[in-house]
$ cat structure_7.tsv   # TSV, C-alpha atoms and all ligand atoms
chain	number	residue	atom	x	y	z
X	1	MET	CA	-28.57	-53.37	224.08
X	2	TYR	CA	-27.46	-56.70	225.46
X	3	HIS	CA	-29.87	-58.56	223.13
X	4	ILE	CA	-28.49	-56.85	220.08
X	5	LYS	CA	-24.85	-57.27	221.01
X	6	GLN	CA	-25.07	-60.98	221.83
X	7	PRO	CA	-25.65	-62.30	218.27
X	8	ILE	CA	-22.88	-60.04	217.00
X	9	ALA	CA	-20.51	-61.40	219.61
X	10	TYR	CA	-21.48	-64.97	218.60
X	11	LEU	CA	-20.84	-64.13	214.97
X	12	ILE	CA	-17.41	-62.72	215.77
X	13	ILE	CA	-16.52	-65.84	217.80
X	14	LEU	CA	-17.76	-68.09	214.97
X	15	VAL	CA	-15.75	-66.28	212.32
X	16	GLY	CA	-12.71	-66.34	214.61
X	17	MET	CA	-13.09	-70.06	215.21
X	18	SER	CA	-13.38	-70.92	211.54
X	19	PHE	CA	-10.33	-68.75	210.80
X	20	ILE	CA	-8.34	-70.68	213.41
X	21	ALA	CA	-9.62	-74.00	212.00
X	22	CYS	CA	-8.51	-72.93	208.54
X	23	LYS	CA	-5.07	-71.98	209.81
X	24	GLN	CA	-4.81	-75.29	211.66
X	25	LYS	CA	-5.62	-77.15	208.46
X	26	GLU	CA	-2.91	-75.20	206.68
X	27	VAL	CA	-0.40	-75.87	209.45
X	28	ALA	CA	-1.34	-79.56	209.40
X	29	MET	CA	-0.64	-79.60	205.65
X	30	ASN	CA	2.69	-77.89	206.13
X	31	GLU	CA	3.70	-80.42	208.75
X	32	LYS	CA	2.90	-83.22	206.35
X	33	GLN	CA	4.63	-81.36	203.59
X	34	GLY	CA	6.55	-82.97	200.91
X	35	LEU	CA	5.01	-82.78	197.46
X	36	LYS	CA	4.02	-86.43	197.56
X	37	ASN	CA	1.87	-85.75	200.62
X	38	VAL	CA	0.45	-82.49	199.35
X	39	PHE	CA	-0.75	-84.23	196.17
X	40	ALA	CA	-1.42	-87.63	197.75
X	41	ASP	CA	-5.08	-87.61	196.71
X	42	ASP	CA	-4.31	-86.42	193.19
X	43	PHE	CA	-1.35	-88.03	191.43
X	44	LEU	CA	2.09	-89.46	192.06
X	45	ILE	CA	5.00	-87.02	192.20
X	46	GLY	CA	8.19	-88.33	190.66
X	47	ALA	CA	11.77	-87.37	189.91
X	48	ALA	CA	14.32	-88.60	187.43
X	49	ILE	CA	17.45	-89.57	189.31
X	50	ASN	CA	21.04	-89.85	188.15
X	51	ALA	CA	23.68	-92.49	188.85
X	52	ASN	CA	25.09	-90.64	191.86
X	53	GLN	CA	21.67	-90.46	193.44
X	54	ILE	CA	20.97	-94.12	192.71
X	55	LEU	CA	24.25	-94.98	194.43
X	56	GLU	CA	23.06	-92.89	197.41
X	57	LYS	CA	26.17	-90.69	197.11
X	58	ASP	CA	24.32	-87.40	196.70
X	59	ALA	CA	24.05	-86.38	200.35
X	60	LYS	CA	21.64	-83.50	199.74
X	61	ALA	CA	19.31	-85.48	197.51
X	62	LEU	CA	19.17	-88.45	199.89
X	63	PRO	CA	16.73	-87.06	202.48
X	64	LEU	CA	14.78	-85.11	199.88
X	65	LEU	CA	13.88	-88.07	197.71
X	66	PRO	CA	11.68	-90.05	200.12
X	67	GLN	CA	10.31	-86.86	201.68
X	68	GLU	CA	9.12	-85.24	198.46
X	69	PHE	CA	8.66	-87.98	195.87
X	70	ASN	CA	6.80	-91.26	195.61
X	71	SER	CA	8.03	-92.21	192.15
X	72	ILE	CA	11.45	-92.44	190.50
X	73	THR	CA	12.70	-92.80	186.94
X	74	PRO	CA	16.34	-93.46	186.04
X	75	GLU	CA	17.58	-90.49	184.02
X	76	ASN	CA	20.08	-92.54	181.98
X	77	ILE	CA	21.11	-95.88	183.42
X	78	MET	CA	18.44	-98.05	181.80
X	79	LYS	CA	19.12	-96.68	178.34
X	80	CYS	CA	20.56	-99.12	175.83
X	81	GLU	CA	24.12	-97.71	175.81
X	82	ILE	CA	24.46	-98.43	179.52
X	83	ILE	CA	22.28	-101.45	180.25
X	84	HIS	CA	23.06	-103.40	177.05
X	85	PRO	CA	26.55	-102.36	175.87
X	86	GLU	CA	27.23	-105.35	173.61
X	87	TRP	CA	25.15	-107.93	171.75
X	88	ASP	CA	25.41	-110.52	174.53
X	89	LYS	CA	26.44	-108.33	177.44
X	90	TYR	CA	24.11	-106.64	179.89
X	91	ASN	CA	25.05	-104.37	182.76
X	92	PHE	CA	22.40	-104.50	185.46
X	93	ASP	CA	24.36	-103.04	188.38
X	94	LEU	CA	22.75	-99.62	188.53
X	95	ALA	CA	19.37	-100.85	187.31
X	96	ASP	CA	19.23	-103.35	190.17
X	97	LYS	CA	20.15	-100.54	192.56
X	98	ILE	CA	17.38	-98.19	191.47
X	99	VAL	CA	14.88	-101.02	191.76
X	100	ALA	CA	16.13	-101.70	195.31
X	101	LEU	CA	15.96	-97.97	196.14
X	102	GLY	CA	12.40	-97.77	194.87
X	103	HIS	CA	11.45	-100.83	196.88
X	104	LYS	CA	13.11	-99.51	200.05
X	105	ASN	CA	11.23	-96.20	199.86
X	106	ASP	CA	8.01	-97.68	198.55
X	107	MET	CA	8.22	-95.66	195.34
X	108	PHE	CA	6.49	-96.25	192.02
X	109	THR	CA	9.47	-97.17	189.87
X	110	VAL	CA	9.43	-96.42	186.16
X	111	GLY	CA	11.78	-98.09	183.66
X	112	HIS	CA	13.10	-95.67	181.04
X	113	THR	CA	13.31	-96.75	178.27
X	114	LEU	CA	13.21	-99.96	176.21
X	115	VAL	CA	13.11	-98.67	172.63
X	116	TRP	CA	14.60	-95.30	171.70
X	117	HIS	CA	16.63	-94.14	168.71
X	118	SER	CA	18.96	-92.13	170.95
X	119	GLN	CA	21.66	-93.34	173.37
X	120	LEU	CA	21.81	-96.69	171.60
X	121	SER	CA	24.91	-98.84	172.02
X	122	PRO	CA	27.31	-98.58	169.07
X	123	PHE	CA	26.70	-102.24	168.13
X	124	VAL	CA	23.00	-101.52	167.52
X	125	ASN	CA	23.73	-98.67	165.13
X	126	LYS	CA	25.89	-101.07	163.12
X	127	ILE	CA	23.08	-103.59	162.57
X	128	LYS	CA	22.21	-103.75	158.89
X	129	SER	CA	19.56	-106.47	158.47
X	130	LYS	CA	15.92	-106.58	159.44
X	131	ASP	CA	16.29	-110.03	161.03
X	132	SER	CA	19.21	-109.00	163.23
X	133	LEU	CA	17.44	-105.89	164.43
X	134	ALA	CA	14.25	-107.87	165.14
X	135	LEU	CA	16.34	-110.34	167.13
X	136	PHE	CA	18.04	-107.50	169.01
X	137	LEU	CA	14.65	-106.02	169.90
X	138	GLU	CA	13.34	-109.36	171.12
X	139	ASN	CA	16.44	-110.13	173.21
X	140	HIS	CA	16.67	-106.61	174.60
X	141	ILE	CA	13.05	-106.37	175.72
X	142	ASN	CA	12.81	-109.97	176.96
X	143	THR	CA	16.01	-109.87	178.94
X	144	ILE	CA	15.51	-106.50	180.59
X	145	ALA	CA	11.76	-106.35	181.10
X	146	SER	CA	11.40	-109.92	182.36
X	147	ARG	CA	14.24	-109.44	184.87
X	148	TYR	CA	12.21	-106.73	186.58
X	149	ASP	CA	8.70	-108.15	186.19
X	150	GLY	CA	6.89	-107.53	189.46
X	151	LYS	CA	9.65	-105.12	190.53
X	152	ILE	CA	9.35	-102.27	188.08
X	153	ASP	CA	5.88	-100.75	188.13
X	154	ALA	CA	5.86	-99.34	184.62
X	155	TRP	CA	7.96	-99.02	181.46
X	156	ASP	CA	8.36	-96.32	178.90
X	157	VAL	CA	8.30	-99.04	176.26
X	158	VAL	CA	8.86	-96.77	173.26
X	159	ASN	CA	10.28	-93.27	173.49
X	160	GLU	CA	10.05	-90.51	170.87
X	161	ALA	CA	8.97	-92.43	167.75
X	162	LEU	CA	7.26	-89.41	166.17
X	163	ASN	CA	8.18	-86.32	164.17
X	164	GLU	CA	6.68	-82.91	164.93
X	165	ASP	CA	4.16	-83.32	162.09
X	166	GLY	CA	2.90	-86.58	163.55
X	167	THR	CA	4.60	-88.89	161.05
X	168	MET	CA	6.96	-91.63	162.17
X	169	ARG	CA	10.49	-90.46	162.94
X	170	LYS	CA	13.26	-91.79	160.71
X	171	SER	CA	15.31	-94.15	162.85
X	172	ILE	CA	17.09	-97.45	162.56
X	173	PHE	CA	13.90	-99.10	163.86
X	174	LEU	CA	11.64	-97.50	161.26
X	175	ASN	CA	14.15	-98.02	158.48
X	176	LEU	CA	14.71	-101.74	159.05
X	177	LEU	CA	11.49	-102.90	160.73
X	178	GLY	CA	8.85	-100.56	159.34
X	179	ASP	CA	6.30	-98.70	161.43
X	180	ASP	CA	4.97	-101.85	163.10
X	181	PHE	CA	8.03	-101.82	165.35
X	182	VAL	CA	6.12	-99.85	167.97
X	183	THR	CA	3.28	-102.37	168.25
X	184	GLU	CA	5.84	-105.17	168.18
X	185	ALA	CA	7.77	-103.60	171.05
X	186	PHE	CA	4.61	-103.41	173.17
X	187	ARG	CA	3.74	-107.02	172.27
X	188	LEU	CA	7.17	-108.18	173.44
X	189	ALA	CA	6.96	-106.06	176.60
X	190	GLN	CA	3.53	-107.34	177.57
X	191	LYS	CA	4.83	-110.90	177.31
X	192	ALA	CA	8.07	-110.18	179.19
X	193	THR	CA	6.53	-108.16	182.00
X	194	PRO	CA	2.84	-108.91	182.48
X	195	ASN	CA	2.86	-107.06	185.80
X	196	SER	CA	4.17	-103.70	184.61
X	197	GLU	CA	2.18	-100.91	183.07
X	198	LEU	CA	3.29	-100.09	179.53
X	199	TYR	CA	3.55	-96.53	178.20
X	200	TYR	CA	4.32	-94.58	175.04
X	201	ASN	CA	6.45	-91.51	175.92
X	202	ASP	CA	7.31	-88.46	173.80
X	203	TYR	CA	7.88	-84.69	173.85
X	204	ASN	CA	5.60	-82.08	172.27
X	205	ILE	CA	2.80	-84.62	171.95
X	206	GLU	CA	0.52	-82.00	173.45
X	207	GLN	CA	0.95	-80.11	170.15
X	208	PRO	CA	-1.99	-80.74	167.77
X	209	LYS	CA	-0.17	-82.42	164.85
X	210	LYS	CA	2.13	-84.55	166.93
X	211	ARG	CA	-0.78	-85.37	169.24
X	212	ALA	CA	-2.79	-86.65	166.27
X	213	GLY	CA	0.17	-88.85	165.33
X	214	ALA	CA	0.43	-90.20	168.88
X	215	ILE	CA	-3.29	-90.91	168.98
X	216	SER	CA	-3.17	-92.96	165.79
X	217	LEU	CA	-0.10	-94.79	167.05
X	218	ILE	CA	-1.89	-95.67	170.29
X	219	LYS	CA	-5.05	-96.69	168.43
X	220	LYS	CA	-2.98	-98.92	166.18
X	221	ILE	CA	-1.48	-100.70	169.19
X	222	GLN	CA	-4.93	-101.12	170.71
X	223	ALA	CA	-6.42	-102.36	167.41
X	224	ALA	CA	-3.75	-105.07	167.28
X	225	GLY	CA	-5.04	-106.34	170.63
X	226	VAL	CA	-1.81	-105.33	172.33
X	227	ARG	CA	-1.78	-103.72	175.77
X	228	ILE	CA	-0.85	-100.07	176.25
X	229	ASP	CA	-1.68	-98.58	179.64
X	230	GLY	CA	-0.66	-94.98	179.36
X	231	VAL	CA	0.89	-92.10	177.56
X	232	GLY	CA	3.70	-89.92	178.89
X	233	ILE	CA	3.78	-86.30	177.81
X	234	GLN	CA	7.38	-85.37	178.60
X	235	GLY	CA	6.72	-81.72	179.43
X	236	HIS	CA	9.98	-79.94	178.55
X	237	TRP	CA	8.57	-76.44	178.43
X	238	SER	CA	9.72	-72.82	178.49
X	239	ILE	CA	9.06	-69.88	180.80
X	240	LYS	CA	8.13	-67.94	177.67
X	241	GLY	CA	4.69	-69.51	177.92
X	242	LEU	CA	3.27	-72.93	178.56
X	243	PRO	CA	0.93	-74.41	175.93
X	244	LEU	CA	-1.83	-74.72	178.52
X	245	GLU	CA	-4.73	-75.07	176.07
X	246	ASP	CA	-2.91	-77.78	174.13
X	247	ILE	CA	-2.02	-79.54	177.35
X	248	GLU	CA	-5.65	-79.51	178.49
X	249	GLN	CA	-6.92	-80.73	175.12
X	250	SER	CA	-4.31	-83.50	175.20
X	251	ILE	CA	-5.34	-84.66	178.66
X	252	LEU	CA	-8.91	-84.98	177.40
X	253	GLU	CA	-8.10	-86.66	174.09
X	254	TYR	CA	-5.58	-89.14	175.45
X	255	SER	CA	-7.73	-90.16	178.39
X	256	ALA	CA	-10.64	-90.70	175.97
X	257	LEU	CA	-8.55	-93.57	174.57
X	258	GLY	CA	-9.01	-95.34	177.90
X	259	ILE	CA	-5.38	-94.95	179.00
X	260	LYS	CA	-3.61	-93.14	181.81
X	261	VAL	CA	-2.13	-89.73	181.14
X	262	MET	CA	1.06	-88.63	182.84
X	263	PHE	CA	3.64	-85.88	182.66
X	264	THR	CA	6.92	-87.68	182.74
X	265	GLU	CA	9.84	-85.25	182.34
X	266	VAL	CA	8.63	-81.87	183.51
X	267	ASP	CA	11.00	-78.91	183.54
X	268	ILE	CA	10.62	-75.26	182.53
X	269	THR	CA	13.69	-73.63	180.98
X	270	VAL	CA	14.32	-69.98	181.83
X	271	LEU	CA	17.09	-69.54	179.24
X	272	PRO	CA	16.95	-68.25	175.67
X	273	ASN	CA	16.34	-70.88	173.05
X	274	PRO	CA	18.93	-70.97	170.26
X	275	TRP	CA	16.33	-72.21	167.77
X	276	ASP	CA	14.46	-68.93	168.12
X	277	LEU	CA	17.49	-67.09	166.73
X	278	LYS	CA	17.93	-67.01	162.99
X	279	GLY	CA	20.73	-69.25	161.84
X	280	ALA	CA	21.42	-70.56	165.32
X	281	ASP	CA	23.90	-73.38	165.44
X	282	VAL	CA	23.22	-74.98	168.74
X	283	ASN	CA	26.56	-76.26	169.91
X	284	GLN	CA	29.07	-74.03	168.17
X	285	ASN	CA	28.00	-70.42	167.99
X	286	PHE	CA	26.56	-70.01	171.43
X	287	GLU	CA	28.73	-72.02	173.76
X	288	GLY	CA	30.24	-69.61	176.29
X	289	SER	CA	28.16	-66.71	175.00
X	290	PRO	CA	26.94	-64.41	177.83
X	291	MET	CA	23.87	-63.57	175.77
X	292	MET	CA	22.74	-67.19	175.88
X	293	ASN	CA	23.69	-67.64	179.54
X	294	PRO	CA	22.20	-64.56	181.20
X	295	TYR	CA	22.02	-65.80	184.82
X	296	PRO	CA	25.37	-67.47	185.58
X	297	ASP	CA	25.30	-66.57	189.29
X	298	THR	CA	21.73	-66.17	190.42
X	299	LEU	CA	18.22	-65.94	189.05
X	300	PRO	CA	16.75	-62.40	189.24
X	301	ASP	CA	13.65	-62.12	191.44
X	302	SER	CA	11.45	-61.15	188.50
X	303	VAL	CA	12.33	-64.37	186.66
X	304	GLN	CA	11.99	-66.40	189.85
X	305	VAL	CA	8.46	-65.06	190.24
X	306	ALA	CA	7.61	-65.63	186.58
X	307	LEU	CA	8.81	-69.24	186.86
X	308	ALA	CA	6.69	-69.73	189.96
X	309	ASP	CA	3.66	-68.33	188.14
X	310	GLU	CA	4.09	-70.73	185.22
X	311	TYR	CA	4.40	-73.68	187.60
X	312	GLY	CA	1.32	-72.44	189.44
X	313	LYS	CA	-0.74	-72.36	186.24
X	314	LEU	CA	0.50	-75.80	185.29
X	315	PHE	CA	-0.44	-77.41	188.59
X	316	ASN	CA	-3.81	-75.69	188.66
X	317	LEU	CA	-4.50	-77.37	185.32
X	318	PHE	CA	-3.18	-80.71	186.58
X	319	LEU	CA	-5.47	-80.47	189.61
X	320	LYS	CA	-8.45	-79.62	187.42
X	321	HIS	CA	-7.90	-82.96	185.63
X	322	LYS	CA	-6.49	-84.97	188.49
X	323	ASP	CA	-8.95	-87.78	187.78
X	324	LYS	CA	-7.20	-88.36	184.44
X	325	ILE	CA	-3.58	-87.77	185.49
X	326	SER	CA	-1.74	-90.55	187.27
X	327	ARG	CA	1.73	-89.04	187.72
X	328	VAL	CA	3.76	-85.87	187.40
X	329	THR	CA	7.52	-86.49	187.25
X	330	PHE	CA	10.20	-83.80	187.23
X	331	TRP	CA	13.27	-84.41	185.06
X	332	GLY	CA	15.77	-84.09	187.88
X	333	VAL	CA	15.70	-83.41	191.61
X	334	SER	CA	17.34	-79.97	191.78
X	335	ASP	CA	18.55	-77.30	189.37
X	336	ALA	CA	22.07	-78.60	190.01
X	337	ASN	CA	21.18	-81.91	188.34
X	338	SER	CA	19.16	-80.66	185.39
X	339	TRP	CA	20.17	-81.79	181.91
X	340	LEU	CA	19.15	-78.29	180.78
X	341	ASN	CA	22.44	-76.93	182.14
X	342	GLY	CA	24.07	-78.83	179.29
X	343	TRP	CA	21.42	-78.92	176.56
X	344	PRO	CA	20.93	-77.57	173.95
X	345	ILE	CA	24.03	-75.50	174.72
X	346	ARG	CA	26.72	-76.81	177.02
X	347	GLY	CA	27.92	-75.01	180.13
X	348	ARG	CA	24.91	-72.84	180.97
X	349	THR	CA	23.24	-72.22	184.31
X	350	ASN	CA	19.56	-73.07	184.14
X	351	TYR	CA	16.85	-73.01	186.83
X	352	PRO	CA	14.05	-75.26	185.55
X	353	LEU	CA	13.02	-77.28	188.64
X	354	LEU	CA	11.42	-76.71	192.04
X	355	PHE	CA	14.60	-77.13	194.13
X	356	ASP	CA	17.61	-74.83	193.83
X	357	ARG	CA	21.28	-75.78	193.63
X	358	ASN	CA	21.37	-76.28	197.40
X	359	TYR	CA	18.33	-78.53	197.16
X	360	LEU	CA	16.19	-75.91	198.89
X	361	PRO	CA	12.62	-75.27	197.73
X	362	LYS	CA	12.27	-72.28	195.39
X	363	PRO	CA	9.32	-69.87	195.19
X	364	ALA	CA	8.05	-72.16	192.40
X	365	TYR	CA	7.82	-74.96	194.97
X	366	ASP	CA	5.69	-72.82	197.29
X	367	LYS	CA	3.50	-71.79	194.38
X	368	VAL	CA	2.93	-75.42	193.41
X	369	VAL	CA	2.03	-76.30	197.00
X	370	SER	CA	-0.24	-73.26	197.22
X	371	THR	CA	-2.36	-74.46	194.28
X	372	LYS	CA	-3.44	-77.25	196.57
X	373	LYS	CA	-3.81	-75.10	199.70
X	374	VAL	CA	-6.13	-72.67	198.00
X	375	LYS	CA	-8.28	-75.63	197.10
X	376	VAL	CA	-8.29	-76.96	200.68
X	377	GLN	CA	-9.15	-73.60	202.18
X	378	GLY	CA	-11.80	-72.91	199.60
X	379	SER	CA	-13.37	-76.35	199.95
X	401	LIG	C1	18.47	-86.88	178.81
X	401	LIG	C2	19.28	-86.94	180.08
X	401	LIG	O1	18.67	-86.11	181.04
X	401	LIG	C3	20.70	-86.49	179.81
X	401	LIG	O2	21.51	-86.68	180.97
X	401	LIG	C4	21.28	-87.26	178.65
X	401	LIG	O3	22.56	-86.76	178.35
X	401	LIG	C5	20.40	-87.17	177.44
X	401	LIG	O4	19.09	-87.60	177.77
X	401	LIG	N1	13.86	-87.02	176.63
X	401	LIG	C6	14.06	-88.22	177.27
X	401	LIG	C7	15.15	-88.35	178.24
X	401	LIG	O5	13.24	-89.15	177.10
X	401	LIG	O6	15.68	-89.65	178.28
X	401	LIG	C8	16.26	-87.35	177.98
X	401	LIG	O7	17.20	-87.45	179.05
X	401	LIG	C9	15.71	-85.96	177.85
X	401	LIG	C10	14.74	-85.88	176.70

$ encode --input "structure_7.tsv" --output "structure tokens"
Amino acid sequence: MYHIKQPIAYLIILVGMSFIACKQKEVAMNEKQGLKNVFADDFLIGAAINANQILEKDAKALPLLPQEFNSITPENIMKCEIIHPEWDKYNFDLADKIVALGHKNDMFTVGHTLVWHSQLSPFVNKIKSKDSLALFLENHINTIASRYDGKIDAWDVVNEALNEDGTMRKSIFLNLLGDDFVTEAFRLAQKATPNSELYYNDYNIEQPKKRAGAISLIKKIQAAGVRIDGVGIQGHWSIKGLPLEDIEQSILEYSALGIKVMFTEVDITVLPNPWDLKGADVNQNFEGSPMMNPYPDTLPDSVQVALADEYGKLFNLFLKHKDKISRVTFWGVSDANSWLNGWPIRGRTNYPLLFDRNYLPKPAYDKVVSTKKVKVQGS
């Protein structure tokens, strides 16, 4: 009897020991928690931060930033209307501060953005001649990018130059400079900031037609012998279903161009989309409408769980292609800061991020962390 029981006892001890080891590994991961640590071997984890956070006035965000994130992007303060308000006037106060904050916390700091048709200063929209606009572009990129050479790790050089069908978006840049303005912007940036990585950034460029447009744009830059280091897929998605197949295909196709792939403005809206409703007029019809703002006080558990599931699927995909993905940045720190409370309809209560309005981790946060834990335990 003794001889039979002994191996069984050994087996039980062995199983017990490996269970404890597994638990210890999990506990060790929890102790080191903070998304940036959880995904340390995979990709950077970033957040867009607003002026209040840059000024270190947001008491709840302050401890969270260095604990959870190892990359930051300014949500607004490096956009033309703020950093370059008049032809010969620049306002570097907040930009200098975010650079200092990034340096202090050893964070990968992204400049956003040098060339974008939106949030331009009024003086730019008044420019009428090709020569003046070319001079603006040269001054703007030289002055800003060279100031932060060696201090800003990467720039979204051009933002949102494409239409949904992959053609070039009508903008003051396209109208006056022609479609070479994108290559030209990268050429100027590479000269002004040889030590920063240079990216093209856009939304919906995981969608097949727009993706094809982005790929030809990137190839055109490369063919001109101009440096482009990466592409940023913004990642403003909806709980109604993530385009996971398109995202995966995009990761593969963009990385085949020899550039880094990153997700630069991730958020998942849980609110109804006015464009899905026939005849929707975004800012007039639906402002203040309870139908379009269904969760003004709290998010129902079922939606909370659905949001977590979508985030889980997304991060499983990111982990599958971690060798091709260099960064995942959320567009905001907590739900309280998200631009999606005000867009595309003002005054709504949205829940698109991993931290709630009290800056506490949501079930979606745990789900994201668990995508990694399952891997560790299973490995
Ligand atoms: C948004 C900001 O979050 C808002 O605060 C601002 O009012 C408008 O711009 N794509 C981009 C970002 O590249 O710069 C935008 O940021 C969101 C969409």

$ closest_residue --input "structure_7.tsv" --among "X:Leu35, X:Ala336, X:Val99, X:Ala192" --to "X:Glu138" --atoms "all atoms listed in the file"
X:Ala192

$ residues_near_ligand --input "structure_7.tsv" --ligand "ligand LIG 401 (chain X)" --cutoff "9 Å" --atoms "only C-alpha atoms and all ligand atoms" --output "number ranges by chain"
X: 48, 50, 74-76, 79, 112-113, 116, 118-119, 156, 159-160, 201-203, 234, 236, 264-265, 331-332, 337-340, 342-343

$ closest_residue --input "structure_7.tsv" --among "X:Ile215, X:Val38, X:Val305, X:Ala47" --to "X:Met107" --atoms "all atoms listed in the file"
X:Ala47

$ residues_around --input "structure_7.tsv" --residues "stretch 56-63 of chain X" --least-positions-apart "3" --cutoff "8 Å" --atoms "only C-alpha atoms" --output "PyMOL selection string"
chain X and resi 52-53+66-67+333+358-359

$ residues_around --input "structure_7.tsv" --residues "X:Asp93" --least-positions-apart "5" --cutoff "12 Å" --atoms "all atoms listed in the file" --output "ChimeraX atom specification"
/X:51,54-55,77-78,82-84,98-100

$ closest_residue --input "structure_7.tsv" --among "X:Asn341, X:Ser216, X:Gln207, X:Asn105" --to "X:Asp179" --atoms "all atoms listed in the file"
X:Ser216

$ residues_around --input "structure_7.tsv" --residues "X:Phe123" --least-positions-apart "4" --cutoff "8 Å" --atoms "all atoms listed in the file" --output "PyMOL selection string"
chain X and resi 85-87+127

$ closest_atom_pairs --input "structure_7.tsv" --of "stretch 322-366 of chain X" --to "stretch 273-288 of chain X" --cutoff "7 Å" --atoms "all atoms listed in the file" --output "tab-separated table"
residue	atom	partner	partner_atom	distance
X:Pro344	CA	X:Val282	CA	6.3
X:Ile345	CA	X:Asn283	CA	5.5
X:Arg346	CA	X:Glu287	CA	6.1

$ build_atoms --input "structure_7.tsv" --residues "stretch 171-184 of chain X" --atoms "N, CA, C and O atoms" --output "PDB file, keeping the file's coordinate frame"
ATOM      1  N   SER X 171      14.377 -93.601 161.881  1.00  0.00           N
ATOM      2  CA  SER X 171      15.310 -94.150 162.850  1.00  0.00           C
ATOM      3  C   SER X 171      15.714 -95.515 162.343  1.00  0.00           C
ATOM      4  O   SER X 171      15.106 -96.033 161.389  1.00  0.00           O
ATOM      5  N   ILE X 172      16.681 -96.104 162.974  1.00  0.00           N
ATOM      6  CA  ILE X 172      17.090 -97.450 162.560  1.00  0.00           C
ATOM      7  C   ILE X 172      15.909 -98.419 162.668  1.00  0.00           C
ATOM      8  O   ILE X 172      15.742 -99.313 161.843  1.00  0.00           O
ATOM      9  N   PHE X 173      15.042 -98.182 163.671  1.00  0.00           N
ATOM     10  CA  PHE X 173      13.900 -99.100 163.860  1.00  0.00           C
ATOM     11  C   PHE X 173      12.908 -98.963 162.711  1.00  0.00           C
ATOM     12  O   PHE X 173      12.444 -99.962 162.154  1.00  0.00           O
ATOM     13  N   LEU X 174      12.584 -97.720 162.360  1.00  0.00           N
ATOM     14  CA  LEU X 174      11.640 -97.500 161.260  1.00  0.00           C
ATOM     15  C   LEU X 174      12.243 -97.993 159.940  1.00  0.00           C
ATOM     16  O   LEU X 174      11.582 -98.688 159.161  1.00  0.00           O
ATOM     17  N   ASN X 175      13.517 -97.665 159.752  1.00  0.00           N
ATOM     18  CA  ASN X 175      14.150 -98.020 158.480  1.00  0.00           C
ATOM     19  C   ASN X 175      14.180 -99.532 158.250  1.00  0.00           C
ATOM     20  O   ASN X 175      13.867-100.000 157.163  1.00  0.00           O
ATOM     21  N   LEU X 176      14.547-100.292 159.271  1.00  0.00           N
ATOM     22  CA  LEU X 176      14.710-101.740 159.050  1.00  0.00           C
ATOM     23  C   LEU X 176      13.443-102.545 159.360  1.00  0.00           C
ATOM     24  O   LEU X 176      13.219-103.584 158.757  1.00  0.00           O
ATOM     25  N   LEU X 177      12.635-102.073 160.307  1.00  0.00           N
ATOM     26  CA  LEU X 177      11.490-102.900 160.730  1.00  0.00           C
ATOM     27  C   LEU X 177      10.147-102.383 160.231  1.00  0.00           C
ATOM     28  O   LEU X 177       9.132-103.075 160.323  1.00  0.00           O
ATOM     29  N   GLY X 178      10.127-101.146 159.757  1.00  0.00           N
ATOM     30  CA  GLY X 178       8.850-100.560 159.340  1.00  0.00           C
ATOM     31  C   GLY X 178       8.078-100.059 160.548  1.00  0.00           C
ATOM     32  O   GLY X 178       8.494-100.273 161.702  1.00  0.00           O
ATOM     33  N   ASP X 179       6.931 -99.401 160.295  1.00  0.00           N
ATOM     34  CA  ASP X 179       6.300 -98.700 161.430  1.00  0.00           C
ATOM     35  C   ASP X 179       5.554 -99.619 162.401  1.00  0.00           C
ATOM     36  O   ASP X 179       5.037 -99.168 163.413  1.00  0.00           O
ATOM     37  N   ASP X 180       5.549-100.921 162.119  1.00  0.00           N
ATOM     38  CA  ASP X 180       4.970-101.850 163.100  1.00  0.00           C
ATOM     39  C   ASP X 180       5.892-102.094 164.295  1.00  0.00           C
ATOM     40  O   ASP X 180       5.506-102.775 165.243  1.00  0.00           O
ATOM     41  N   PHE X 181       7.097-101.514 164.252  1.00  0.00           N
ATOM     42  CA  PHE X 181       8.030-101.820 165.350  1.00  0.00           C
ATOM     43  C   PHE X 181       7.482-101.369 166.700  1.00  0.00           C
ATOM     44  O   PHE X 181       7.775-101.979 167.733  1.00  0.00           O
ATOM     45  N   VAL X 182       6.645-100.350 166.698  1.00  0.00           N
ATOM     46  CA  VAL X 182       6.120 -99.850 167.970  1.00  0.00           C
ATOM     47  C   VAL X 182       5.164-100.889 168.581  1.00  0.00           C
ATOM     48  O   VAL X 182       5.304-101.282 169.747  1.00  0.00           O
ATOM     49  N   THR X 183       4.215-101.344 167.771  1.00  0.00           N
ATOM     50  CA  THR X 183       3.280-102.370 168.250  1.00  0.00           C
ATOM     51  C   THR X 183       4.051-103.619 168.681  1.00  0.00           C
ATOM     52  O   THR X 183       3.764-104.225 169.723  1.00  0.00           O
ATOM     53  N   GLU X 184       5.042-103.972 167.873  1.00  0.00           N
ATOM     54  CA  GLU X 184       5.840-105.170 168.180  1.00  0.00           C
ATOM     55  C   GLU X 184       6.548-105.028 169.529  1.00  0.00           C
ATOM     56  O   GLU X 184       6.601-105.963 170.326  1.00  0.00           O
TER      57      GLU X 184
END
